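**Q** Dumping the structure here so I can ask a few things about it.
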Amino acid sequence: MPSSAQAADGPDAMAGYSRPGVRRLWNWRVLLYVVCALICVFLIVPVLVIFPLSFNASEYFSFPIKSYSLRWYAEFFGDPKWQAALWKSLQIGVLSTIVSTFLGTAASLGMRRLSGPLRAGVLAVFLAPLVVPLVVSAVGLFYVFARLHLVGTVTGIVIAHSILAIPFVVITVTAALSKFDPVLERAGLSLGAGPVRVFFTVTLPAIRAGVVSGAIFAFVTSWDEVVAVIFIATAQQFTIPRLMWSGVRENISPTLLAAAVVITAVSLCLMLCAALIRRSDGGAER
Amino acid sequence: MGGADAGAYVRVENVWKSYGAGTPVIKNLNLSVAKGEFLTLLGPSGSGKTTTLMMLAGFEQVSGGAIVLGGRDISSVPPYRRGIGVVFQSYALFPHMTVAENLAYPLTTRGLGRAEIRERVAAALQMIRMSDFASRYPAKLSGGQQQRVAVARAMIFRPGLILMDEPLGALDRQLREEMQREIKDLHDLTGATIVYVTHDQSEALSMSDRIAVFNKGRIEQIGSPQEVYRNPATPFVASFIGETNWLAGTVVSAGEGELKARLSSGEEVLCRSKDGLKAGDEVKIAVRPENIVFDRAPEPASCLKTKTLDLTYLGLCTRIRLARENAGELLAVVSQQVPGGYAKEAAEVWFSRDAAIPFAADAT
Amino acid sequence: MTSGVADFGHVPPLPGGQSRRWTDYLPSGMTLLLLPPVLFVLLFFVGPILLMLSRSVYDPEIVDALPRSVIAIGKWDRTGLPDATVKRALVEDLQAAPADAVGRAARRLNSFRPGFNSLLTKTKQSIDDAPEAAAGQAVQLEEIDPRWTDASYWAALANNTSSLTDAYLLAAIDKKRNTQGEIVSVESSQRIYWSIIGRTLMISLVTTIICLVLAFPLAYGIVAAGPRLKLTLLAFVLLPFWTSLLVRSVAWVVLLQREGLVTATVRIFDPDFAGLALVHNRAGVYIAMVHTLLPFAVLPLYAVMGNIPRSLAQASFSLGARPARTFFRVYLPQAAPGLYASGLLVFISAIGYYITPALVGGGQDQLLSYYIATFVNATVNWGMAAALSIVLILLIVVLLLAFYPLMRRSGRAL
């Protein structure tokens, strides 16, 4: 019996599309998308421009580029200073990711049963590093780390980056948990699994995508971070962004652009992965 | 079907609608609505009924053909100059305006004086019995109240034509029946012309003066509720409105006002005649469950041998599932007291000739 | 199915039977899991910032170095010069205190009375070198340096007799205590912080307005686009959003500098183009800040606009409202929460900006964060760094308190 067919899909749903006074609004739409295109060019040009320049054989930034070469990348990967920075960045990024993913996930799980002002207060504490200006956070950490002899240590930077990354993990995992139906946990309990087993077999798989994309955000946060390392790192503890920061204030060399391309490529790939993970996860739920 | 009547208030003439290069969602549609009529567009989702409504409202452009309102071609008139009231499925009440502000909105756009607006809003609130809710925001209203405000807002500027897009879809059944009655009352009270879209056949049957049954971008049949129920023009209409038993067979002889067919299970049955069907044609015959009776039906009638499978008692009536000998199931609905001891017993059931409607086997 | 009950085969009983395992006693909802992250954040974020901020009112360096002097000068009536007891106390302090402690106190005092640093260091040096000190003879401060006859130096000391001080907070808003201890404005030539605060607010406000003006059509375009175009436009917003702030700032330096790509591009059409420096000035700061913050404006706006039902605009049209009226009376009020959210996010981010203005801007384009960093890195003045941090945090709190309710109220009916 087709008499109880569901509404709101197929061409009928498309019919909500608003195109009143088609001809006039069509011109408006052309104008709108011309404006959008210009804004998009503004948004993308600075990101794109570093790519060709880093492959420029010439030492000067000039367009059009006459010949391409990999010499600046050879320099980047050959220079022990950049090598050390790359290794430091990776090391600090991985450690901060582990710490912040663990703590952020614990925070989200711990907040599940809270509600009202208490929850809002706890959440505000975890998200505060997003609102407090970076320089203030970094100066505060520097002030205390100087007394704890953590300045210039990997531990100090990992702590600082974990603090800055926890909000992102809390946001993604809390979002994943909000879509998770706690009845599934009761179902697990009713089927004879204990709370720990239920957590690892029911809850964790359901929020896995949130945890993984939170971890990616955490890594990228540490990978790109410069303000905290300016204060907390010393000459021996240069990450790539820190080295770029000192380099750029003297003179922007093509090697520096090669470094910029490397960190940008890593960030973009990881963020794309995070987006795809969330997308496929959302698709599976529907 | 339903050729446009020159004197009608609303005429849809040879309208096509397609998105881009895709297959048209509306194919050569013709429809006319008389002044004061309550016309329902009924069909499954994706059948084009909402698209038709949106073209009437002006939110969709026609790809071909014309829409004429009160003798004027409004096909390219923007929606804000059409003066047609629309009640949306989601109500579309402005969430940042109070009930009174929502009701006043179409009057202020028309530049009415303040005193008159206040008067008409008060009258409208009284009409929908919501005078106490004037300064509430829509989010603070129940579904039924929002519905009433949406209807009142579409009517307050006294449009000649009001379009309603599944306005009761979001309400629970009891409230839906109540609102059906209220909309009917408002229709009678104001004499407005209403075009109403629904996929709910019982809503269509109970409210409409006429029903247009949509399927795949076409109108299959237009007629009064009795007409589309009793004399479905196509197998689609027969199945979409109400329940139907289908019997497959071959025409044995075509006589005056009657056909004799041999079912694939062997029995010979009598049914109404139909143009174009002649001896030897494959047919499928529609019989409504309530027309299948256990006592001998008044002649001319046909008989089928069945066994009772089970009974479902529904209060007002009883549904009986019957198994035919080597030929699938039949559904019967009886309203009188069911004699006991039916289960698994052989039963002869009857239906009269006029209750059996034949269609060519390949018709849809 | 023949039998009434389906046979699912043999199911073993639950392990453990009726006895409970320790895991069964775990608190429900795992609220205890909050403990490690809360401790971590309190210990390494909230705590350090509060400690650092406390330096704006807590400054023990002068009291630590000159304990006798600060007690003695408390009795000074601030008319004329302090009496001999004060001077004797100062000499004793200078004899007792190690040179680095005196140096710290001297730098601190120098920020209230320029010249104090050299005066105190010189005095300390003379006392340490002087043989009279060992002989216990009176040291005449005026003979070491005639500046000790200037009451303003003594006043600076008298204003800092406690470990608790309001001097830094006052300095952060261009106020100070005069020789009488009253709060007065500093000399107009030294008034810099109000103009820095004003500049920070101004640059943030202009950046926010430009961001909203650009974000509105873009967000609307994304909402109104078909699925493929929507994805493309979102990619254009997200790619820069995902790129490091430092990299984008560097890219803008490359683009905007005098011999940069903008100049080079113009030269293609006009070989005689002299070159236009857009870096190290305000225009460059606006360009780079708008670029780095625009995604923050687009995304909340897009989220809000995407949830505005199309039927609202349709309803407005059907009720006789023209497009302009529909936009201002129906669409804009619905988009307002998004505008507030985007504006707030951009403003709060902009007000704390450091990297981008430091790279792209000139000396007159730096925001509060830059001065905080400079006080920590260059002059090691924790008091001023903390006081300016408090100003920055107060600005953000005021903004949040002012705009958050507005955002909530305009979103109330949604």
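So you can find residues: chains in the structure tokens are A, B, ... in the order shown, residues in each start at 1, and ligands are numbered from 1 in order.
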Could the residues of chain B within 6 Å of chain A, counting only C-alpha atoms, be given as an mmCIF file with C-alpha atoms, in the first residue's frame, please?
**A**
data_model
loop_
_atom_site.group_PDB
_atom_site.id
_atom_site.type_symbol
_atom_site.label_atom_id
_atom_site.label_comp_id
_atom_site.auth_asym_id
_atom_site.auth_seq_id
_atom_site.Cartn_x
_atom_site.Cartn_y
_atom_site.Cartn_z
ATOM 1 C CA PRO B 44 2.849 10.062 -3.129
ATOM 2 C CA SER B 45 6.020 12.030 -2.452
ATOM 3 C CA GLY B 46 7.803 12.986 -5.616
ATOM 4 C CA THR B 50 4.166 20.217 -4.131
ATOM 5 C CA THR B 51 6.007 21.465 -7.225
ATOM 6 C CA PHE B 59 8.412 30.122 -5.711
ATOM 7 C CA PRO B 78 6.934 37.461 -8.543
ATOM 8 C CA PHE B 240 -3.453 4.722 -3.814
#
**Q** Given a cut-off of 8 Å, which residues of chain C touch chain B, counting only C-alpha atoms, written out as a list in words?
**A**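 Listed by rising number, the hits are Pro309, Ser311, Leu312, Gln314, Ala315, Ser316, Phe317, Ser318, Leu319, Gly320, Ala321, Arg322, Val330, Pro333, Gln334, Ser410, Ala413 and Leu414 of chain C.
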**Q** If you keep N, CA and C atoms, can you produce a file of those selected residues as a PDB file, in the first residue's frame?
**A**
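Contents of part39.pdb, as written:
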ATOM      1  N   PRO C 309      15.218  28.463   7.624  1.00  0.00           N
ATOM      2  CA  PRO C 309      14.414  27.731   6.648  1.00  0.00           C
ATOM      3  C   PRO C 309      14.094  28.610   5.441  1.00  0.00           C
ATOM      4  N   SER C 311      11.554  28.447   3.819  1.00  0.00           N
ATOM      5  CA  SER C 311      10.129  28.766   3.806  1.00  0.00           C
ATOM      6  C   SER C 311       9.846  30.109   4.460  1.00  0.00           C
ATOM      7  N   LEU C 312      10.766  30.615   5.323  1.00  0.00           N
ATOM      8  CA  LEU C 312      10.508  31.917   5.951  1.00  0.00           C
ATOM      9  C   LEU C 312      10.498  33.023   4.892  1.00  0.00           C
ATOM     10  N   GLN C 314      10.026  32.548   1.738  1.00  0.00           N
ATOM     11  CA  GLN C 314       8.869  32.280   0.870  1.00  0.00           C
ATOM     12  C   GLN C 314       7.598  32.809   1.504  1.00  0.00           C
ATOM     13  N   ALA C 315       7.457  32.567   2.827  1.00  0.00           N
ATOM     14  CA  ALA C 315       6.266  33.046   3.525  1.00  0.00           C
ATOM     15  C   ALA C 315       6.180  34.552   3.411  1.00  0.00           C
ATOM     16  N   SER C 316       7.329  35.218   3.607  1.00  0.00           N
ATOM     17  CA  SER C 316       7.334  36.672   3.541  1.00  0.00           C
ATOM     18  C   SER C 316       6.909  37.152   2.149  1.00  0.00           C
ATOM     19  N   PHE C 317       7.431  36.498   1.104  1.00  0.00           N
ATOM     20  CA  PHE C 317       7.024  36.847  -0.261  1.00  0.00           C
ATOM     21  C   PHE C 317       5.532  36.650  -0.440  1.00  0.00           C
ATOM     22  N   SER C 318       5.028  35.509   0.040  1.00  0.00           N
ATOM     23  CA  SER C 318       3.624  35.200  -0.186  1.00  0.00           C
ATOM     24  C   SER C 318       2.727  36.184   0.563  1.00  0.00           C
ATOM     25  N   LEU C 319       3.282  36.824   1.607  1.00  0.00           N
ATOM     26  CA  LEU C 319       2.492  37.789   2.360  1.00  0.00           C
ATOM     27  C   LEU C 319       2.648  39.193   1.793  1.00  0.00           C
ATOM     28  N   GLY C 320       3.336  39.296   0.639  1.00  0.00           N
ATOM     29  CA  GLY C 320       3.368  40.563  -0.071  1.00  0.00           C
ATOM     30  C   GLY C 320       4.606  41.397   0.159  1.00  0.00           C
ATOM     31  N   ALA C 321       5.621  40.872   0.868  1.00  0.00           N
ATOM     32  CA  ALA C 321       6.816  41.669   1.117  1.00  0.00           C
ATOM     33  C   ALA C 321       7.789  41.521  -0.035  1.00  0.00           C
ATOM     34  N   ARG C 322       8.325  42.661  -0.496  1.00  0.00           N
ATOM     35  CA  ARG C 322       9.311  42.628  -1.572  1.00  0.00           C
ATOM     36  C   ARG C 322      10.639  42.094  -1.053  1.00  0.00           C
ATOM     37  N   VAL C 330      12.898  39.841   7.728  1.00  0.00           N
ATOM     38  CA  VAL C 330      12.842  38.404   8.017  1.00  0.00           C
ATOM     39  C   VAL C 330      14.226  37.771   8.017  1.00  0.00           C
ATOM     40  N   PRO C 333      17.078  39.550  10.703  1.00  0.00           N
ATOM     41  CA  PRO C 333      16.892  39.176  12.117  1.00  0.00           C
ATOM     42  C   PRO C 333      17.216  37.714  12.392  1.00  0.00           C
ATOM     43  N   GLN C 334      16.976  36.846  11.417  1.00  0.00           N
ATOM     44  CA  GLN C 334      17.299  35.436  11.616  1.00  0.00           C
ATOM     45  C   GLN C 334      18.804  35.193  11.565  1.00  0.00           C
ATOM     46  N   SER C 410      19.027  37.485  20.664  1.00  0.00           N
ATOM     47  CA  SER C 410      18.583  37.502  19.275  1.00  0.00           C
ATOM     48  C   SER C 410      18.389  36.083  18.772  1.00  0.00           C
ATOM     49  N   ALA C 413      14.477  32.993  19.922  1.00  0.00           N
ATOM     50  CA  ALA C 413      13.311  32.344  19.347  1.00  0.00           C
ATOM     51  C   ALA C 413      13.708  31.177  18.454  1.00  0.00           C
ATOM     52  N   LEU C 414      15.000  31.000  18.238  1.00  0.00           N
ATOM     53  CA  LEU C 414      15.389  29.955  17.277  1.00  0.00           C
ATOM     54  C   LEU C 414      15.428  28.587  17.939  1.00  0.00           C
TER      55      LEU C 414
END
**Q** What lies within 9 Å of Val391 in chain C using only C-alpha atoms, ignoring chain neighbours under 5 positions off, as JSON, numbers by chain?
**A** {"C": [169, 172, 173, 197, 368, 386, 396]}
**Q** Hey, can you check how far CA of Leu168 in chain B sits from CA of Ile222 in chain B?
**A**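 Between these atoms lies a distance of 22.2 Å.
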**Q** Do you know which residues are at most 10 Å from range 123-128 of chain A counting only C-alpha atoms, after dropping those on the same chain fewer than 3 positions away, and could you put them as a PyMOL selection string?
**A** (chain A and resi 104+107-108+111+117-120+131-133+137+163-171) or (chain C and resi 37-38+41-42+45-46)
**Q** How would the residues just picked look written out with N, CA and C atoms as a PDB file, in the first residue's frame?
**A**
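The resulting file, part-v3.pdb, is reproduced below:
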ATOM      1  N   GLY A 104      41.820  15.276  27.120  1.00  0.00           N
ATOM      2  CA  GLY A 104      40.603  15.857  26.541  1.00  0.00           C
ATOM      3  C   GLY A 104      39.471  14.847  26.468  1.00  0.00           C
ATOM      4  N   ALA A 107      38.186  14.321  29.853  1.00  0.00           N
ATOM      5  CA  ALA A 107      37.365  15.468  30.251  1.00  0.00           C
ATOM      6  C   ALA A 107      35.955  15.360  29.666  1.00  0.00           C
ATOM      7  N   SER A 108      35.872  15.018  28.376  1.00  0.00           N
ATOM      8  CA  SER A 108      34.544  14.912  27.749  1.00  0.00           C
ATOM      9  C   SER A 108      33.722  13.809  28.388  1.00  0.00           C
ATOM     10  N   MET A 111      32.468  14.810  31.767  1.00  0.00           N
ATOM     11  CA  MET A 111      31.418  15.834  31.807  1.00  0.00           C
ATOM     12  C   MET A 111      30.036  15.299  31.443  1.00  0.00           C
ATOM     13  N   PRO A 117      24.788  24.786  35.320  1.00  0.00           N
ATOM     14  CA  PRO A 117      25.917  25.702  35.484  1.00  0.00           C
ATOM     15  C   PRO A 117      27.227  24.982  35.762  1.00  0.00           C
ATOM     16  N   LEU A 118      27.163  23.835  36.434  1.00  0.00           N
ATOM     17  CA  LEU A 118      28.383  23.101  36.748  1.00  0.00           C
ATOM     18  C   LEU A 118      29.077  22.668  35.456  1.00  0.00           C
ATOM     19  N   ARG A 119      28.259  22.084  34.577  1.00  0.00           N
ATOM     20  CA  ARG A 119      28.815  21.660  33.294  1.00  0.00           C
ATOM     21  C   ARG A 119      29.365  22.842  32.510  1.00  0.00           C
ATOM     22  N   ALA A 120      28.578  23.933  32.490  1.00  0.00           N
ATOM     23  CA  ALA A 120      29.020  25.122  31.762  1.00  0.00           C
ATOM     24  C   ALA A 120      30.344  25.629  32.328  1.00  0.00           C
ATOM     25  N   VAL A 131      40.084  31.271  24.401  1.00  0.00           N
ATOM     26  CA  VAL A 131      39.641  32.665  24.534  1.00  0.00           C
ATOM     27  C   VAL A 131      40.764  33.553  25.061  1.00  0.00           C
ATOM     28  N   VAL A 132      41.561  33.018  25.990  1.00  0.00           N
ATOM     29  CA  VAL A 132      42.656  33.810  26.547  1.00  0.00           C
ATOM     30  C   VAL A 132      43.689  34.053  25.442  1.00  0.00           C
ATOM     31  N   PRO A 133      44.109  35.301  25.259  1.00  0.00           N
ATOM     32  CA  PRO A 133      45.088  35.577  24.199  1.00  0.00           C
ATOM     33  C   PRO A 133      46.326  34.719  24.383  1.00  0.00           C
ATOM     34  N   SER A 137      48.633  33.498  27.786  1.00  0.00           N
ATOM     35  CA  SER A 137      48.855  32.115  28.211  1.00  0.00           C
ATOM     36  C   SER A 137      50.339  31.794  28.223  1.00  0.00           C
ATOM     37  N   ILE A 163      47.967  22.024  26.691  1.00  0.00           N
ATOM     38  CA  ILE A 163      46.963  22.981  27.190  1.00  0.00           C
ATOM     39  C   ILE A 163      46.229  23.620  26.007  1.00  0.00           C
ATOM     40  N   LEU A 164      46.973  24.014  24.980  1.00  0.00           N
ATOM     41  CA  LEU A 164      46.357  24.686  23.845  1.00  0.00           C
ATOM     42  C   LEU A 164      45.535  23.718  22.996  1.00  0.00           C
ATOM     43  N   ALA A 165      45.858  22.417  23.051  1.00  0.00           N
ATOM     44  CA  ALA A 165      45.169  21.449  22.183  1.00  0.00           C
ATOM     45  C   ALA A 165      43.963  20.818  22.860  1.00  0.00           C
ATOM     46  N   ILE A 166      43.955  20.797  24.189  1.00  0.00           N
ATOM     47  CA  ILE A 166      42.841  20.143  24.895  1.00  0.00           C
ATOM     48  C   ILE A 166      41.466  20.671  24.438  1.00  0.00           C
ATOM     49  N   PRO A 167      41.302  21.995  24.265  1.00  0.00           N
ATOM     50  CA  PRO A 167      39.973  22.463  23.839  1.00  0.00           C
ATOM     51  C   PRO A 167      39.470  21.777  22.566  1.00  0.00           C
ATOM     52  N   PHE A 168      40.385  21.556  21.609  1.00  0.00           N
ATOM     53  CA  PHE A 168      39.944  20.958  20.340  1.00  0.00           C
ATOM     54  C   PHE A 168      39.498  19.510  20.548  1.00  0.00           C
ATOM     55  N   VAL A 169      40.228  18.787  21.400  1.00  0.00           N
ATOM     56  CA  VAL A 169      39.828  17.404  21.674  1.00  0.00           C
ATOM     57  C   VAL A 169      38.484  17.404  22.404  1.00  0.00           C
ATOM     58  N   VAL A 170      38.344  18.297  23.390  1.00  0.00           N
ATOM     59  CA  VAL A 170      37.084  18.347  24.147  1.00  0.00           C
ATOM     60  C   VAL A 170      35.920  18.644  23.202  1.00  0.00           C
ATOM     61  N   ILE A 171      36.129  19.582  22.281  1.00  0.00           N
ATOM     62  CA  ILE A 171      35.035  19.948  21.366  1.00  0.00           C
ATOM     63  C   ILE A 171      34.641  18.755  20.495  1.00  0.00           C
TER      64      ILE A 171
ATOM     65  N   PRO C  37      42.218  15.782  33.871  1.00  0.00           N
ATOM     66  CA  PRO C  37      42.258  16.984  33.025  1.00  0.00           C
ATOM     67  C   PRO C  37      42.035  18.269  33.810  1.00  0.00           C
ATOM     68  N   VAL C  38      41.156  18.247  34.796  1.00  0.00           N
ATOM     69  CA  VAL C  38      40.916  19.474  35.554  1.00  0.00           C
ATOM     70  C   VAL C  38      42.183  19.877  36.299  1.00  0.00           C
ATOM     71  N   VAL C  41      44.725  21.314  33.831  1.00  0.00           N
ATOM     72  CA  VAL C  41      44.427  22.672  33.361  1.00  0.00           C
ATOM     73  C   VAL C  41      44.611  23.682  34.495  1.00  0.00           C
ATOM     74  N   LEU C  42      44.205  23.310  35.714  1.00  0.00           N
ATOM     75  CA  LEU C  42      44.385  24.236  36.833  1.00  0.00           C
ATOM     76  C   LEU C  42      45.871  24.469  37.098  1.00  0.00           C
ATOM     77  N   PHE C  45      47.566  25.946  33.528  1.00  0.00           N
ATOM     78  CA  PHE C  45      46.974  27.040  32.768  1.00  0.00           C
ATOM     79  C   PHE C  45      46.407  28.102  33.692  1.00  0.00           C
ATOM     80  N   VAL C  46      45.386  27.734  34.456  1.00  0.00           N
ATOM     81  CA  VAL C  46      44.726  28.711  35.318  1.00  0.00           C
ATOM     82  C   VAL C  46      45.715  29.234  36.359  1.00  0.00           C
TER      83      VAL C  46
END
**Q** May I ask you to extract the residues of chain A within 6 Å of chain C, using only C-alpha atoms, and to give them as a tab-separated table (two decimals) with all heavy atoms, in the first residue's frame?
**A**
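Below is the file that was written, result_28.tsv:
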chain	number	residue	atom	x	y	z
A	36	CYS	N	31.68	36.41	-4.30
A	36	CYS	CA	32.20	35.23	-3.61
A	36	CYS	C	33.53	34.80	-4.23
A	36	CYS	O	34.48	34.47	-3.50
A	36	CYS	CB	31.22	34.07	-3.69
A	36	CYS	SG	29.82	34.24	-2.57
A	40	CYS	N	37.13	34.51	-2.42
A	40	CYS	CA	37.85	33.23	-2.41
A	40	CYS	C	39.27	33.40	-2.92
A	40	CYS	O	40.20	32.79	-2.38
A	40	CYS	CB	37.10	32.20	-3.25
A	40	CYS	SG	35.66	31.56	-2.41
A	46	PRO	N	47.32	33.79	-0.73
A	46	PRO	CA	48.50	33.71	0.14
A	46	PRO	C	48.89	32.28	0.47
A	46	PRO	O	50.06	31.99	0.70
A	46	PRO	CB	48.07	34.44	1.41
A	46	PRO	CG	46.88	35.22	1.02
A	46	PRO	CD	46.22	34.50	-0.10
A	103	LEU	N	43.80	13.46	27.94
A	103	LEU	CA	43.15	14.32	28.92
A	103	LEU	C	41.83	14.89	28.38
A	103	LEU	O	40.83	14.97	29.10
A	103	LEU	CB	44.09	15.46	29.32
A	103	LEU	CG	45.31	15.03	30.13
A	103	LEU	CD1	46.24	16.20	30.35
A	103	LEU	CD2	44.88	14.45	31.47
A	106	ALA	N	39.18	12.19	28.40
A	106	ALA	CA	38.75	11.97	29.79
A	106	ALA	C	37.83	13.10	30.23
A	106	ALA	O	36.80	12.87	30.88
A	106	ALA	CB	39.97	11.88	30.70
A	107	ALA	N	38.19	14.32	29.85
A	107	ALA	CA	37.37	15.47	30.25
A	107	ALA	C	35.96	15.36	29.67
A	107	ALA	O	34.96	15.54	30.37
A	107	ALA	CB	38.03	16.76	29.78
A	110	GLY	N	34.08	12.63	31.37
A	110	GLY	CA	33.77	13.01	32.74
A	110	GLY	C	32.63	14.00	32.82
A	110	GLY	O	31.89	14.04	33.81
A	113	ARG	N	27.84	13.32	32.74
A	113	ARG	CA	26.74	13.32	33.72
A	113	ARG	C	26.53	14.68	34.35
A	113	ARG	O	25.64	14.83	35.17
A	113	ARG	CB	27.02	12.28	34.82
A	113	ARG	CG	27.04	10.86	34.32
A	113	ARG	CD	25.65	10.40	33.94
A	113	ARG	NE	25.68	9.31	33.00
A	113	ARG	CZ	25.66	8.03	33.35
A	113	ARG	NH1	25.58	7.71	34.60
A	113	ARG	NH2	25.70	7.09	32.43
A	133	PRO	N	44.11	35.30	25.26
A	133	PRO	CA	45.09	35.58	24.20
A	133	PRO	C	46.33	34.72	24.38
A	133	PRO	O	46.79	34.50	25.51
A	133	PRO	CB	45.41	37.06	24.40
A	133	PRO	CG	44.22	37.62	25.08
A	133	PRO	CD	43.66	36.52	25.93
A	135	VAL	N	49.41	35.19	23.86
A	135	VAL	CA	50.57	35.77	24.53
A	135	VAL	C	50.40	35.72	26.04
A	135	VAL	O	51.34	35.42	26.77
A	135	VAL	CB	50.79	37.22	24.04
A	135	VAL	CG1	51.73	37.96	24.96
A	135	VAL	CG2	51.33	37.21	22.62
A	140	GLY	N	52.21	33.52	31.03
A	140	GLY	CA	51.89	32.87	32.30
A	140	GLY	C	52.68	31.58	32.47
A	140	GLY	O	53.28	31.32	33.52
A	141	LEU	N	52.71	30.77	31.42
A	141	LEU	CA	53.46	29.51	31.49
A	141	LEU	C	54.95	29.78	31.68
A	141	LEU	O	55.62	29.12	32.47
A	141	LEU	CB	53.22	28.68	30.22
A	141	LEU	CG	51.85	28.03	30.14
A	141	LEU	CD1	51.62	27.43	28.76
A	141	LEU	CD2	51.73	26.94	31.20
A	144	VAL	N	55.81	30.65	35.31
A	144	VAL	CA	55.85	29.52	36.24
A	144	VAL	C	56.95	28.53	35.84
A	144	VAL	O	57.67	28.02	36.69
A	144	VAL	CB	54.48	28.84	36.31
A	144	VAL	CG1	54.57	27.53	37.06
A	144	VAL	CG2	53.49	29.76	36.99
A	224	ASP	N	51.77	23.69	14.35
A	224	ASP	CA	51.74	25.06	13.82
A	224	ASP	C	52.09	26.10	14.87
A	224	ASP	O	52.25	27.27	14.54
A	224	ASP	CB	50.31	25.39	13.32
A	224	ASP	CG	50.00	24.71	12.00
A	224	ASP	OD1	50.94	24.21	11.38
A	224	ASP	OD2	48.83	24.71	11.60
A	260	ALA	N	57.93	26.44	5.12
A	260	ALA	CA	56.51	26.79	5.22
A	260	ALA	C	55.66	25.82	4.43
A	260	ALA	O	54.60	25.38	4.88
A	260	ALA	CB	56.30	28.22	4.72
A	264	THR	N	52.87	23.42	5.98
A	264	THR	CA	51.51	23.59	5.46
A	264	THR	C	50.98	22.29	4.86
A	264	THR	O	49.83	21.91	5.10
A	264	THR	CB	51.49	24.70	4.39
A	264	THR	OG1	52.02	25.88	4.97
A	264	THR	CG2	50.09	24.96	3.90
**Q** Pick out the residues sitting within 9 Å of range 184-194 of chain B, and hand them over as a list in words; count only C-alpha atoms, and ignore anything fewer than 3 positions along from it in its own chain.
**A** Tyr9, Val33, Ala34, Lys35, Gly36, Glu37, Phe38, Leu39, Thr40, Met127, Met155, Arg158, Pro159, Gly160, Leu161, Ile162, Leu163, Met164, Met179, Gln180, Arg181, Met207 and Ser208 of chain B
**Q** Report, in Å to a single decimal, how far apart CA of Glu182 in chain B and CA of Ala122 in chain B are.
**A**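 Rounded to one decimal, the two atoms are 18.4 Å apart.
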